[in-house]
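See below for structure_13.txt, which holds compact mmCIF, C-alpha atoms and all ligand atoms.
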# COMPACT_ATOMS: atom_id res chain seq x y z
CA MET A 255 89.40 106.81 120.45
CA GLY A 256 89.56 109.40 117.67
CA LEU A 257 90.93 108.45 114.28
CA SER A 258 91.84 110.75 111.40
CA ASP A 259 92.01 110.21 107.66
CA VAL A 260 94.46 112.78 106.27
CA HIS A 261 93.91 111.98 102.60
CA ALA A 262 90.44 111.44 101.21
CA HIS A 263 88.63 112.48 98.03
CA LEU A 264 85.08 112.75 99.32
CA THR A 265 84.20 114.98 96.36
CA ASP A 266 84.78 112.12 93.95
CA PRO A 267 81.35 111.59 92.33
CA ARG A 268 81.25 107.95 93.52
CA LEU A 269 81.56 109.01 97.18
CA ALA A 270 79.68 112.30 96.84
CA ALA A 271 76.66 110.31 95.66
CA GLN A 272 76.48 108.64 99.08
CA GLU A 273 77.95 111.41 101.21
CA ALA A 274 75.72 111.08 104.27
CA ALA A 275 76.17 107.30 104.50
CA VAL A 276 79.95 107.51 104.01
CA LEU A 277 80.27 110.13 106.75
CA ALA A 278 77.98 108.18 109.09
CA ARG A 279 80.04 105.01 108.65
CA ALA A 280 83.23 107.01 109.29
CA ALA A 281 81.82 108.42 112.54
CA GLU A 282 80.67 104.97 113.59
CA ALA A 283 84.20 103.62 113.00
CA GLY A 284 85.62 106.26 115.35
CA VAL A 285 86.83 108.71 112.70
CA THR A 286 86.60 112.27 113.98
CA THR A 287 88.49 114.10 111.22
CA ILE A 288 88.76 113.63 107.46
CA ILE A 289 90.95 115.89 105.35
CA SER A 290 89.36 115.99 101.92
CA ASN A 291 92.00 116.90 99.34
CA GLY A 292 91.27 119.08 96.32
CA LEU A 293 92.72 118.49 92.85
CA GLY A 294 92.29 121.99 91.38
CA PRO A 295 90.13 125.13 91.74
CA ALA A 296 86.80 123.49 90.82
CA ASP A 297 87.40 120.54 93.14
CA ASN A 298 88.76 122.82 95.89
CA GLN A 299 85.44 124.66 95.81
CA ARG A 300 83.55 121.39 96.17
CA VAL A 301 85.83 120.47 99.11
CA ALA A 302 85.13 123.84 100.75
CA ALA A 303 81.37 123.38 100.36
CA LEU A 304 81.56 119.88 101.83
CA ALA A 305 83.62 121.07 104.81
CA ALA A 306 81.00 123.75 105.44
CA ARG A 307 78.32 121.02 105.55
CA SER A 308 80.12 118.51 107.78
CA THR A 309 82.00 118.98 111.03
CA LEU A 310 84.00 115.80 110.27
CA VAL A 311 85.61 117.28 107.16
CA ARG A 312 88.54 119.71 106.93
CA PRO A 313 89.37 121.21 103.54
CA ALA A 314 92.75 120.89 101.80
CA PHE A 315 93.11 122.97 98.63
CA GLY A 316 95.55 121.68 96.05
CA LEU A 317 96.55 121.28 92.46
CA TYR A 318 97.11 117.66 91.49
CA PRO A 319 100.51 117.43 89.75
CA VAL A 320 98.97 115.91 86.62
CA THR A 321 96.15 118.48 86.55
CA ALA A 322 98.85 121.15 86.87
CA VAL A 323 100.23 120.43 83.39
CA LEU A 324 97.11 118.93 81.82
CA PRO A 325 96.52 121.64 79.15
CA GLU A 326 100.09 121.09 77.90
CA MET A 327 99.72 117.29 78.06
CA LEU A 328 96.53 117.35 76.03
CA ALA A 329 98.13 119.74 73.51
CA MET A 330 100.90 117.15 73.09
CA GLY A 331 98.30 114.51 72.30
CA VAL A 332 98.65 112.59 75.59
CA GLU A 333 95.36 110.98 76.63
CA TYR A 334 94.29 111.53 80.23
CA HIS A 335 90.83 111.71 81.76
CA ALA A 336 90.11 114.40 84.35
CA GLN A 337 86.78 115.30 85.95
CA ASP A 338 87.13 119.05 85.48
CA GLU A 339 87.93 121.24 82.49
CA PRO A 340 91.74 121.71 82.30
CA ILE A 341 92.90 125.27 83.10
CA PRO A 342 96.37 126.88 82.97
CA ALA A 343 98.34 126.32 86.19
CA GLU A 344 98.85 130.08 86.56
CA GLU A 345 95.08 130.44 87.07
CA ALA A 346 95.00 127.61 89.60
CA ILE A 347 97.92 129.10 91.53
CA ALA A 348 96.22 132.51 91.56
CA TRP A 349 93.00 130.88 92.83
CA LEU A 350 94.91 129.24 95.67
CA ALA A 351 96.68 132.48 96.59
CA ASP A 352 93.27 134.18 96.83
CA ASN A 353 91.66 131.39 98.86
CA LEU A 354 94.39 130.17 101.22
CA ASP A 355 92.56 131.49 104.27
CA GLY A 356 89.79 128.98 103.63
CA CYS A 357 91.90 125.83 103.78
CA PHE A 358 93.14 123.68 106.64
CA ALA A 359 96.17 122.49 104.62
CA VAL A 360 97.55 122.74 101.08
CA GLY A 361 97.23 119.54 99.06
CA GLU A 362 97.46 117.57 97.18
CA ILE A 363 100.43 119.00 95.33
CA GLY A 364 103.66 117.41 94.16
CA LEU A 365 105.50 115.81 91.26
CA ASP A 366 104.25 112.99 89.06
CA HIS A 367 106.68 111.49 86.57
CA TYR A 368 104.46 108.48 85.94
CA TRP A 369 101.67 110.17 83.96
CA VAL A 370 103.48 113.34 82.93
CA PRO A 371 105.90 113.19 79.98
CA GLU A 372 109.48 114.22 80.63
CA ALA A 373 109.18 117.30 78.40
CA LEU A 374 106.88 118.81 81.06
CA TRP A 375 108.83 117.91 84.21
CA ALA A 376 110.56 121.32 84.40
CA ARG A 377 107.22 123.14 84.16
CA GLN A 378 105.66 120.79 86.72
CA GLU A 379 108.54 121.56 89.07
CA THR A 380 108.15 125.34 88.66
CA ILE A 381 104.46 125.02 89.55
CA PHE A 382 105.25 122.79 92.55
CA ARG A 383 107.77 125.30 93.89
CA ALA A 384 105.25 128.13 93.58
CA LEU A 385 102.64 126.10 95.49
CA VAL A 386 105.05 125.09 98.26
CA LYS A 387 106.10 128.72 98.72
CA LEU A 388 102.46 129.83 98.93
CA ALA A 389 101.77 127.22 101.61
CA MET A 390 104.87 128.12 103.60
CA ASP A 391 104.13 131.86 103.45
CA ALA A 392 100.62 131.16 104.76
CA ASP A 393 101.98 128.78 107.44
CA LYS A 394 99.94 125.84 106.17
CA ALA A 395 100.98 122.18 106.26
CA ILE A 396 101.53 120.58 102.84
CA ILE A 397 100.16 117.24 101.58
CA ILE A 398 102.36 115.70 98.91
CA HIS A 399 101.57 113.36 96.04
CA THR A 400 104.61 112.06 94.21
CA ARG A 401 104.96 109.19 91.84
CA LYS A 402 108.32 108.15 90.37
CA ALA A 403 109.73 111.51 91.52
CA GLU A 404 110.13 111.06 95.28
CA ARG A 405 113.84 111.84 95.44
CA ARG A 406 113.43 115.07 93.46
CA ALA A 407 110.43 116.14 95.56
CA LEU A 408 112.47 115.69 98.75
CA GLU A 409 115.33 117.72 97.26
CA ILE A 410 113.00 120.60 96.41
CA LEU A 411 111.19 120.55 99.76
CA THR A 412 114.52 120.48 101.60
CA GLU A 413 115.91 123.31 99.47
CA LEU A 414 112.83 125.43 100.18
CA GLY A 415 113.00 124.60 103.88
CA ALA A 416 109.53 123.03 104.06
CA THR A 417 109.14 120.93 107.20
CA ARG A 418 105.38 120.74 107.81
CA VAL A 419 104.90 118.10 105.15
CA ASN A 420 102.91 114.86 104.85
CA TRP A 421 103.70 112.39 102.08
CA HIS A 422 100.55 110.59 101.05
CA CYS A 423 100.77 106.99 99.84
CA TYR A 424 104.53 107.08 99.66
CA SER A 425 105.45 104.15 97.41
CA SER A 426 109.18 104.43 96.77
CA LYS A 427 112.07 102.75 98.59
CA VAL A 428 111.82 102.22 102.35
CA LYS A 429 115.31 103.68 102.77
CA LEU A 430 114.23 106.97 101.19
CA GLY A 431 111.10 106.87 103.35
CA ARG A 432 113.34 106.79 106.37
CA ARG A 433 115.24 109.84 105.08
CA ILE A 434 111.94 111.65 104.59
CA ALA A 435 111.04 110.92 108.23
CA GLN A 436 114.51 112.07 109.31
CA ALA A 437 113.83 115.36 107.52
CA GLY A 438 110.97 115.79 110.00
CA HIS A 439 108.25 115.03 107.45
CA TYR A 440 105.32 112.66 107.95
CA LEU A 441 104.15 109.68 105.91
CA SER A 442 100.52 108.58 105.84
CA ILE A 443 99.81 104.88 105.50
CA PRO A 444 96.76 103.86 103.46
CA ALA A 445 94.02 101.40 104.33
CA ASN A 446 95.36 98.63 102.08
CA ALA A 447 98.51 98.29 104.25
CA ARG A 448 97.59 94.80 105.36
CA LYS A 449 97.94 93.48 101.82
CA ALA A 450 100.70 95.82 100.58
CA ASP A 451 104.19 94.82 101.64
CA ASN A 452 105.77 98.27 101.25
CA PHE A 453 103.24 99.93 103.55
CA ARG A 454 103.60 97.17 106.16
CA ARG A 455 107.36 97.72 106.06
CA LEU A 456 106.89 101.47 106.57
CA LEU A 457 104.68 100.81 109.58
CA GLU A 458 107.37 98.56 111.03
CA ILE A 459 110.39 100.69 110.25
CA LEU A 460 109.46 104.37 110.41
CA PRO A 461 109.63 106.26 113.70
CA ARG A 462 106.11 106.09 115.12
CA ASP A 463 106.01 109.82 115.73
CA ARG A 464 106.10 110.39 111.93
CA ILE A 465 103.17 108.18 110.95
CA LEU A 466 99.65 109.24 109.94
CA LEU A 467 96.70 107.29 108.55
CA GLU A 468 94.88 107.87 105.29
CA THR A 469 92.65 106.13 102.77
CA ASP A 470 93.06 107.97 99.42
CA CYS A 471 89.41 106.98 99.03
CA PRO A 472 87.69 106.09 96.75
CA TYR A 473 90.99 104.51 95.58
CA LEU A 474 93.13 101.83 97.26
CA SER A 475 90.38 99.89 98.97
CA PRO A 476 91.51 97.19 101.40
CA VAL A 477 88.92 94.96 99.68
CA SER A 478 89.36 94.50 95.93
CA GLY A 479 86.39 95.63 93.88
CA GLN A 480 84.97 97.84 96.65
CA LEU A 481 85.04 101.63 96.95
CA ASN A 482 87.37 102.77 99.68
CA GLU A 483 86.06 105.18 102.35
CA PRO A 484 87.34 106.93 105.50
CA ALA A 485 85.87 104.30 107.91
CA ASN A 486 88.64 101.98 106.68
CA VAL A 487 91.35 103.85 108.62
CA ALA A 488 90.13 101.81 111.61
CA GLY A 489 91.45 98.68 109.90
CA THR A 490 94.89 100.25 109.47
CA ALA A 491 94.93 101.31 113.12
CA ALA A 492 94.13 97.70 114.08
CA PHE A 493 96.88 96.41 111.79
CA ALA A 494 99.42 98.90 113.22
CA ALA A 495 98.40 97.77 116.72
CA GLU A 496 99.26 94.15 115.78
CA LEU A 497 102.63 95.17 114.34
CA TRP A 498 103.47 97.48 117.25
CA GLU A 499 102.11 95.02 119.82
CA CYS A 500 99.95 97.64 121.47
CA SER A 501 96.25 98.52 121.60
CA PRO A 502 94.40 100.27 118.75
CA THR A 503 93.77 103.07 121.27
CA SER A 504 97.54 103.61 121.68
CA VAL A 505 97.86 103.77 117.88
CA ALA A 506 95.04 106.32 117.71
CA ASP A 507 96.68 108.36 120.50
CA GLN A 508 100.06 108.31 118.71
CA VAL A 509 98.53 109.32 115.39
CA THR A 510 96.48 112.07 117.05
CA GLU A 511 99.66 113.46 118.62
CA ASN A 512 101.39 113.37 115.21
CA PHE A 513 98.41 115.02 113.48
CA THR A 514 98.40 117.84 116.02
CA ARG A 515 102.17 118.38 115.70
CA LEU A 516 101.99 118.57 111.88
CA PHE A 517 98.82 120.55 111.32
CA GLY A 518 99.03 122.76 114.40
CA ALA A 519 95.46 121.79 115.34
CA GLU A 520 93.89 118.80 117.03
CA PRO A 521 91.95 116.37 114.84
ZN ZN B 601 94.87 111.99 96.43
Encoded form using structure tokens:
Amino acid sequence: MGLSDVHAHLTDPRLAAQEAAVLARAAEAGVTTIISNGLGPADNQRVAALAARSTLVRPAFGLYPVTAVLPEMLAMGVEYHAQDEPIPAEEAIAWLADNLDGCFAVGEIGLDHYWVPEALWARQETIFRALVKLAMDADKAIIIHTRKAERRALEILTELGATRVNWHCYSSKVKLGRRIAQAGHYLSIPANARKADNFRRLLEILPRDRILLETDCPYLSPVSGQLNEPANVAGTAAFAAELWECSPTSVADQVTENFTRLFGAEP
């Protein structure tokens, strides 16, 4: 049984500090593929280096939607902590254009109306469109982060004709989630699904051929106070098996089929 985690942040210093142990526990839990998502050029380079070291890891290069407008946010006096030095989005987009060959997928990218003030939403959207177009031109699947902007993100992706899309940690209305699945996109369910009603509902309601598994580690641990890690996708597969009244192996097979359809490569 091979499991995949399509949204991890293994380059987060808390996980990077115990890289070998985290990867060993993932392998032991049956995880064969982890997509580590980059937040901007500096993080994308760390993701690439990690993927070169580990056969479990596939690199996604992205520009986190808050990072994308961070210089402008800081200039406005908004407080926000980021690991890397903020750089203009134009530089980050140029970096991605130059390095697309080196990534398995583009992500995470998207729209975030939670952290980003409204005055910057138009700029954030312009950057998002540029990134989606880059991914589509390079025939790469896209991994989306959106917060409080799900409807707008779907409008833009639909307008641009993007279909190879995974929505990570989708947390808006179930009805809109169903529309996203109807658009042919995928939704990845995190490891805390057992204790989060909205994710349980998505597992129950969405077409099973649109579902993927993720952790968003080190965030969203299934156990409060603990760091999350890719091994925890096994718990979500077990939970989905209970809800679907099938074996964890059937869940893994379904998710593997979905992964292959989206990314154009087997996990
Ligand atoms: Zn993420």
So which one's closest to A:Gly292, A:Ile381, A:Ala519, A:Cys357, A:Val419? Using all atoms listed in the file, please.
A:Cys357
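Shortest atom-to-atom contact with ligand ZN 601 (chain B) among A:Glu468, A:Glu409, A:Glu344, A:Asp463: A:Glu468, counting all atoms listed in the file.
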Around ligand ZN 601 (chain B), at most 8 Å away and counting all atoms listed in the file, which residues are there? Put them as a short mmCIF file (atom, residue, chain, number, x, y, z; two decimals) with C-alpha atoms, keeping the file's coordinate frame, please.
data_model
loop_
_atom_site.label_atom_id
_atom_site.label_comp_id
_atom_site.auth_asym_id
_atom_site.auth_seq_id
_atom_site.Cartn_x
_atom_site.Cartn_y
_atom_site.Cartn_z
CA HIS A 261 93.91 111.98 102.60
CA ALA A 262 90.44 111.44 101.21
CA HIS A 263 88.63 112.48 98.03
CA ASN A 291 92.00 116.90 99.34
CA GLY A 292 91.27 119.08 96.32
CA LEU A 293 92.72 118.49 92.85
CA TYR A 318 97.11 117.66 91.49
CA GLU A 362 97.46 117.57 97.18
CA HIS A 399 101.57 113.36 96.04
CA HIS A 422 100.55 110.59 101.05
CA ASP A 470 93.06 107.97 99.42
CA CYS A 471 89.41 106.98 99.03
#
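The nearest approach to A:Leu516 among the residues A:Ile396, A:Ala271, A:Leu277, A:Ala343, with all atoms listed in the file taken into account, belongs to A:Ile396.
Between atom CA of A:Pro484 and atom CA of A:Arg279 there is a distance of 8.2 Å.
Remark: for A:Asp366, the closest of the candidate residues A:Lys387, A:Arg464, A:Arg405, A:His335 is A:Arg405 (distances computed over all atoms listed in the file).
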So which residues fall inside 12 Å of (92.9, 98.6, 121.5) if we count only C-alpha atoms? Mind giving them as a PDB file with C-alpha atoms, in the frame of the given file?
ATOM      1  CA  MET A 255      89.400 106.810 120.450  1.00  0.00           C
ATOM      2  CA  GLY A 256      89.560 109.400 117.670  1.00  0.00           C
ATOM      3  CA  ALA A 488      90.130 101.810 111.610  1.00  0.00           C
ATOM      4  CA  GLY A 489      91.450  98.680 109.900  1.00  0.00           C
ATOM      5  CA  ALA A 491      94.930 101.310 113.120  1.00  0.00           C
ATOM      6  CA  ALA A 492      94.130  97.700 114.080  1.00  0.00           C
ATOM      7  CA  PHE A 493      96.880  96.410 111.790  1.00  0.00           C
ATOM      8  CA  ALA A 494      99.420  98.900 113.220  1.00  0.00           C
ATOM      9  CA  ALA A 495      98.400  97.770 116.720  1.00  0.00           C
ATOM     10  CA  GLU A 496      99.260  94.150 115.780  1.00  0.00           C
ATOM     11  CA  TRP A 498     103.470  97.480 117.250  1.00  0.00           C
ATOM     12  CA  GLU A 499     102.110  95.020 119.820  1.00  0.00           C
ATOM     13  CA  CYS A 500      99.950  97.640 121.470  1.00  0.00           C
ATOM     14  CA  SER A 501      96.250  98.520 121.600  1.00  0.00           C
ATOM     15  CA  PRO A 502      94.400 100.270 118.750  1.00  0.00           C
ATOM     16  CA  THR A 503      93.770 103.070 121.270  1.00  0.00           C
ATOM     17  CA  SER A 504      97.540 103.610 121.680  1.00  0.00           C
ATOM     18  CA  VAL A 505      97.860 103.770 117.880  1.00  0.00           C
ATOM     19  CA  ALA A 506      95.040 106.320 117.710  1.00  0.00           C
ATOM     20  CA  ASP A 507      96.680 108.360 120.500  1.00  0.00           C
TER      21      ASP A 507
END
With only C-alpha atoms as the basis for distance, which of A:Leu411, A:Leu310, A:Ile443, A:Ala395 is at the shortest distance from A:Thr286?
A:Leu310
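Closest approach to A:Gln272 among A:Ile347, A:Ile410, A:Val260, A:Leu481: A:Leu481, based on all atoms listed in the file.
A search radius of 12 Å centred on (102.0, 94.2, 103.1), applied to all atoms listed in the file, returns the residues Ser425, Ile443, Pro444, Ala445, Asn446, Ala447, Arg448, Lys449, Ala450, Asp451, Asn452, Phe453, Arg454, Arg455, Leu456, Leu457, Glu458, Pro476, Thr490, Phe493, Ala494 and Leu497 of chain A.
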Separation of atom CA of A:Trp375 from atom CA of A:Val323, in Å and rounded to one decimal:
9.0 Å
Just to confirm, what's the straight-line distance from atom CA of A:Phe358 to atom CA of A:Thr265 in Å (one decimal)?
16.2 Å
Using all atoms listed in the file, determine which residues lie at most 8 Å from A:Val509, disregarding the query and same-chain residues fewer than 5 positions distant; provide the list as a VMD selection string.
chain A and resid 257 to 258 463 465 to 467
Emit as JSON the padded axis-aligned box for all listed atoms of stretch 347-350 of chain A, 4 Å per side, with centre and edge lengths in Å to one decimal.
{"center_x": 95.5, "center_y": 130.8, "center_z": 93.6, "size_x": 12.9, "size_y": 11.4, "size_z": 12.1}
